[in-house]
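**Student:** Sharing work.cif here; it has mmCIF, N, CA and C atoms and all ligand atoms.
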```cif
data_structure
#
loop_
_atom_site.label_atom_id
_atom_site.label_comp_id
_atom_site.auth_asym_id
_atom_site.auth_seq_id
_atom_site.Cartn_x
_atom_site.Cartn_y
_atom_site.Cartn_z
N MET A 16 -1.39 54.24 23.92
CA MET A 16 -1.00 53.70 22.62
C MET A 16 -0.22 52.40 22.77
N LYS A 17 0.65 52.34 23.78
CA LYS A 17 1.46 51.16 24.03
C LYS A 17 0.57 49.96 24.37
N TYR A 18 -0.46 50.21 25.19
CA TYR A 18 -1.35 49.11 25.59
C TYR A 18 -2.25 48.66 24.43
N LEU A 19 -2.59 49.61 23.57
CA LEU A 19 -3.42 49.27 22.41
C LEU A 19 -2.68 48.28 21.51
N LEU A 20 -1.39 48.52 21.30
CA LEU A 20 -0.57 47.61 20.49
C LEU A 20 -0.47 46.25 21.17
N LEU A 21 -0.30 46.23 22.48
CA LEU A 21 -0.20 44.98 23.23
C LEU A 21 -1.50 44.18 23.12
N ILE A 22 -2.63 44.85 23.26
CA ILE A 22 -3.93 44.18 23.15
C ILE A 22 -4.13 43.65 21.72
N ALA A 23 -3.76 44.45 20.72
CA ALA A 23 -3.88 44.01 19.33
C ALA A 23 -3.02 42.77 19.10
N PHE A 24 -1.83 42.76 19.65
CA PHE A 24 -0.93 41.62 19.51
C PHE A 24 -1.54 40.36 20.13
N VAL A 25 -2.09 40.51 21.34
CA VAL A 25 -2.71 39.37 22.03
C VAL A 25 -3.92 38.87 21.24
N VAL A 26 -4.71 39.79 20.69
CA VAL A 26 -5.89 39.39 19.91
C VAL A 26 -5.46 38.60 18.66
N VAL A 27 -4.40 39.07 18.02
CA VAL A 27 -3.92 38.37 16.82
C VAL A 27 -3.44 36.97 17.19
N ILE A 28 -2.70 36.84 18.27
CA ILE A 28 -2.22 35.52 18.71
C ILE A 28 -3.40 34.60 19.01
N TRP A 29 -4.40 35.14 19.75
CA TRP A 29 -5.58 34.35 20.10
C TRP A 29 -6.31 33.91 18.83
N TRP A 30 -6.39 34.84 17.86
CA TRP A 30 -7.10 34.55 16.61
C TRP A 30 -6.39 33.43 15.82
N VAL A 31 -5.05 33.48 15.80
CA VAL A 31 -4.29 32.45 15.09
C VAL A 31 -4.51 31.08 15.73
N PHE A 32 -4.46 31.03 17.05
CA PHE A 32 -4.67 29.75 17.74
C PHE A 32 -6.08 29.23 17.52
N LYS A 33 -7.06 30.14 17.46
CA LYS A 33 -8.44 29.74 17.22
C LYS A 33 -8.58 29.13 15.83
N ILE A 34 -7.98 29.74 14.83
CA ILE A 34 -8.03 29.22 13.45
C ILE A 34 -7.41 27.83 13.41
N ARG A 35 -6.28 27.67 14.09
CA ARG A 35 -5.61 26.37 14.07
C ARG A 35 -6.46 25.29 14.75
N ALA A 36 -7.16 25.66 15.82
CA ALA A 36 -7.96 24.68 16.56
C ALA A 36 -9.19 24.27 15.76
N VAL A 37 -9.76 25.21 15.00
CA VAL A 37 -10.99 24.93 14.27
C VAL A 37 -10.71 24.08 13.03
N ARG A 38 -9.53 24.25 12.43
CA ARG A 38 -9.21 23.53 11.20
C ARG A 38 -9.38 22.02 11.38
N PRO A 39 -10.24 21.42 10.61
CA PRO A 39 -10.46 19.98 10.78
C PRO A 39 -9.27 19.18 10.26
N THR A 40 -8.96 18.14 10.97
CA THR A 40 -7.88 17.27 10.54
C THR A 40 -8.40 16.35 9.45
N PRO A 41 -7.65 16.14 8.41
CA PRO A 41 -8.12 15.25 7.36
C PRO A 41 -8.24 13.82 7.86
N PRO A 42 -9.33 13.16 7.50
CA PRO A 42 -9.51 11.78 7.97
C PRO A 42 -8.46 10.85 7.37
N ARG A 43 -7.97 9.99 8.20
CA ARG A 43 -6.93 9.07 7.74
C ARG A 43 -7.58 7.80 7.19
N THR A 44 -7.85 7.87 5.90
CA THR A 44 -8.46 6.70 5.24
C THR A 44 -7.43 6.09 4.30
N LYS A 45 -6.25 5.90 4.85
CA LYS A 45 -5.17 5.35 4.04
C LYS A 45 -5.20 3.83 4.16
N ALA A 46 -6.24 3.26 3.58
CA ALA A 46 -6.39 1.81 3.67
C ALA A 46 -5.41 1.12 2.74
N SER A 47 -4.67 0.21 3.29
CA SER A 47 -3.72 -0.52 2.46
C SER A 47 -4.47 -1.52 1.60
N PRO A 48 -3.99 -1.77 0.42
CA PRO A 48 -4.67 -2.74 -0.43
C PRO A 48 -4.61 -4.14 0.18
N ALA A 49 -5.58 -4.93 -0.17
CA ALA A 49 -5.66 -6.28 0.38
C ALA A 49 -4.42 -7.07 -0.04
N PRO A 50 -3.87 -7.85 0.88
CA PRO A 50 -2.68 -8.63 0.53
C PRO A 50 -2.99 -9.66 -0.53
N GLU A 51 -2.06 -9.79 -1.44
CA GLU A 51 -2.26 -10.73 -2.54
C GLU A 51 -1.74 -12.10 -2.14
N LYS A 52 -2.42 -13.12 -2.61
CA LYS A 52 -2.03 -14.48 -2.30
C LYS A 52 -0.73 -14.82 -3.03
N MET A 53 0.18 -15.46 -2.33
CA MET A 53 1.44 -15.86 -2.91
C MET A 53 1.38 -17.35 -3.25
N VAL A 54 1.99 -17.69 -4.36
CA VAL A 54 2.04 -19.08 -4.77
C VAL A 54 3.50 -19.47 -4.99
N VAL A 55 3.76 -20.74 -5.08
CA VAL A 55 5.11 -21.25 -5.26
C VAL A 55 5.20 -21.89 -6.65
N CYS A 56 6.25 -21.56 -7.38
CA CYS A 56 6.47 -22.16 -8.69
C CYS A 56 6.74 -23.66 -8.48
N ALA A 57 6.02 -24.48 -9.23
CA ALA A 57 6.16 -25.93 -9.08
C ALA A 57 7.49 -26.43 -9.63
N HIS A 58 8.16 -25.61 -10.43
CA HIS A 58 9.42 -26.05 -11.03
C HIS A 58 10.63 -25.61 -10.22
N CYS A 59 10.71 -24.31 -9.90
CA CYS A 59 11.91 -23.79 -9.22
C CYS A 59 11.65 -23.43 -7.76
N GLY A 60 10.40 -23.37 -7.33
CA GLY A 60 10.11 -23.13 -5.93
C GLY A 60 10.11 -21.67 -5.52
N VAL A 61 10.21 -20.75 -6.48
CA VAL A 61 10.21 -19.34 -6.14
C VAL A 61 8.78 -18.91 -5.76
N HIS A 62 8.70 -17.99 -4.78
CA HIS A 62 7.39 -17.45 -4.38
C HIS A 62 7.09 -16.23 -5.23
N LEU A 63 5.86 -16.14 -5.71
CA LEU A 63 5.45 -15.00 -6.52
C LEU A 63 3.97 -14.75 -6.31
N PRO A 64 3.52 -13.51 -6.61
CA PRO A 64 2.09 -13.21 -6.46
C PRO A 64 1.25 -14.06 -7.41
N LEU A 65 0.06 -14.35 -6.97
CA LEU A 65 -0.84 -15.20 -7.77
C LEU A 65 -1.10 -14.59 -9.14
N SER A 66 -1.22 -13.24 -9.19
CA SER A 66 -1.53 -12.58 -10.46
C SER A 66 -0.37 -12.68 -11.46
N ASP A 67 0.84 -12.88 -10.97
CA ASP A 67 2.01 -12.98 -11.86
C ASP A 67 2.29 -14.42 -12.27
N SER A 68 1.61 -15.35 -11.66
CA SER A 68 1.92 -16.75 -11.92
C SER A 68 1.14 -17.26 -13.13
N ILE A 69 1.62 -18.34 -13.69
CA ILE A 69 0.93 -19.04 -14.78
C ILE A 69 0.40 -20.33 -14.18
N ALA A 70 -0.91 -20.46 -14.18
CA ALA A 70 -1.53 -21.63 -13.56
C ALA A 70 -1.92 -22.64 -14.63
N GLU A 71 -1.70 -23.87 -14.30
CA GLU A 71 -2.09 -24.96 -15.21
C GLU A 71 -2.46 -26.16 -14.37
N HIS A 72 -3.70 -26.57 -14.47
CA HIS A 72 -4.23 -27.72 -13.72
C HIS A 72 -3.99 -27.57 -12.22
N GLY A 73 -4.20 -26.35 -11.72
CA GLY A 73 -4.05 -26.11 -10.29
C GLY A 73 -2.61 -26.00 -9.83
N VAL A 74 -1.68 -26.04 -10.73
CA VAL A 74 -0.26 -25.89 -10.39
C VAL A 74 0.21 -24.56 -10.95
N HIS A 75 1.03 -23.85 -10.17
CA HIS A 75 1.47 -22.52 -10.57
C HIS A 75 2.94 -22.56 -10.98
N PHE A 76 3.25 -21.73 -11.97
CA PHE A 76 4.63 -21.60 -12.45
C PHE A 76 4.97 -20.12 -12.53
N CYS A 77 6.28 -19.82 -12.43
CA CYS A 77 6.72 -18.42 -12.43
C CYS A 77 6.86 -17.88 -13.83
N SER A 78 7.04 -18.73 -14.80
CA SER A 78 7.23 -18.25 -16.18
C SER A 78 6.77 -19.33 -17.16
N GLU A 79 6.67 -18.91 -18.42
CA GLU A 79 6.26 -19.84 -19.46
C GLU A 79 7.30 -20.95 -19.61
N ALA A 80 8.58 -20.61 -19.50
CA ALA A 80 9.65 -21.61 -19.63
C ALA A 80 9.52 -22.68 -18.55
N HIS A 81 9.21 -22.26 -17.33
CA HIS A 81 9.08 -23.24 -16.25
C HIS A 81 7.79 -24.03 -16.40
N ARG A 82 6.76 -23.39 -17.00
CA ARG A 82 5.54 -24.17 -17.27
C ARG A 82 5.85 -25.28 -18.27
N GLN A 83 6.59 -24.94 -19.31
CA GLN A 83 6.97 -25.96 -20.30
C GLN A 83 7.85 -27.03 -19.66
N ALA A 84 8.80 -26.59 -18.83
CA ALA A 84 9.69 -27.54 -18.17
C ALA A 84 8.91 -28.44 -17.21
N GLY A 85 7.94 -27.84 -16.50
CA GLY A 85 7.13 -28.63 -15.58
C GLY A 85 6.25 -29.62 -16.32
N LYS A 86 5.75 -29.18 -17.48
CA LYS A 86 4.92 -30.07 -18.28
C LYS A 86 5.76 -31.25 -18.81
N ALA A 87 6.99 -30.92 -19.26
CA ALA A 87 7.87 -31.97 -19.78
C ALA A 87 8.28 -32.94 -18.69
N ALA A 88 8.52 -32.41 -17.49
CA ALA A 88 8.93 -33.26 -16.37
C ALA A 88 7.77 -34.11 -15.87
N GLY A 89 6.56 -33.58 -16.04
CA GLY A 89 5.39 -34.31 -15.56
C GLY A 89 5.03 -35.50 -16.43
N LYS A 90 5.48 -35.47 -17.69
CA LYS A 90 5.15 -36.59 -18.58
C LYS A 90 5.98 -37.81 -18.26
N PRO A 91 5.39 -38.97 -18.33
CA PRO A 91 6.15 -40.19 -18.05
C PRO A 91 7.07 -40.59 -19.21
ZN ZN A 101 9.94 -21.15 -11.69
#
```
Can you give me the file's structure in the form of structure tokens?
Ligand SMILES: [Zn+2]
**Tutor:**
Amino acid sequence: MKYLLLIAFVVVIWWVFKIRAVRPTPPRTKASPAPEKMVVCAHCGVHLPLSDSIAEHGVHFCSEAHRQAGKAAGKP
């Protein structure tokens, strides 16, 4: 009876290790998003993402106020 319990215990341990070995590891497809292009505000020089900037005639601004200020400064 004592050996039967020991064999059962060993079988259970072997079975647990087998289950763990068979379990497939999840594929690591944690692709980071593509880096966004950064632009510089033509008025204050702050760096900001292209999607957050306001572009006018190929020049980027960080806000509407700086676009207005840049436009006013650009006029002769
Ligand atoms: Zn600015």
**Student:** In Å, rounded to a single decimal, give me how far atom N of Val61 in chain A is from atom N of Ala49 in chain A.
**Tutor:**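 It comes out at 23.2 Å.
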**Student:** Please write out the residues within 6.5 Å of ligand ZN 101 (chain A) as a list in words, counting only N, CA and C atoms and all ligand atoms.
**Tutor:**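 Listing the residues within 6.5 Å of ligand ZN 101 (chain A) gives Cys56, Ala57, His58, Cys59, Gly60, Val61, Phe76, Cys77, Ser78 and His81 of chain A.
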**Student:** Considering only alpha helix (DSSP H) as DSSP defines it on the backbone, what residues of chain A qualify? List them as a PyMOL selection string.
**Tutor:** chain A and resi 17-37+79-89
**Student:** One decimal, in Å: what's the spacing between CA of Val37 in chain A and CA of Tyr18 in chain A?
**Tutor:**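 Computed distance, CA of Val37 in chain A to CA of Tyr18 in chain A, equals 28.4 Å.
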**Student:** Using Å and a single decimal, report how far atom C of Leu20 in chain A sits from atom C of Arg35 in chain A.
**Tutor:** 22.7 Å
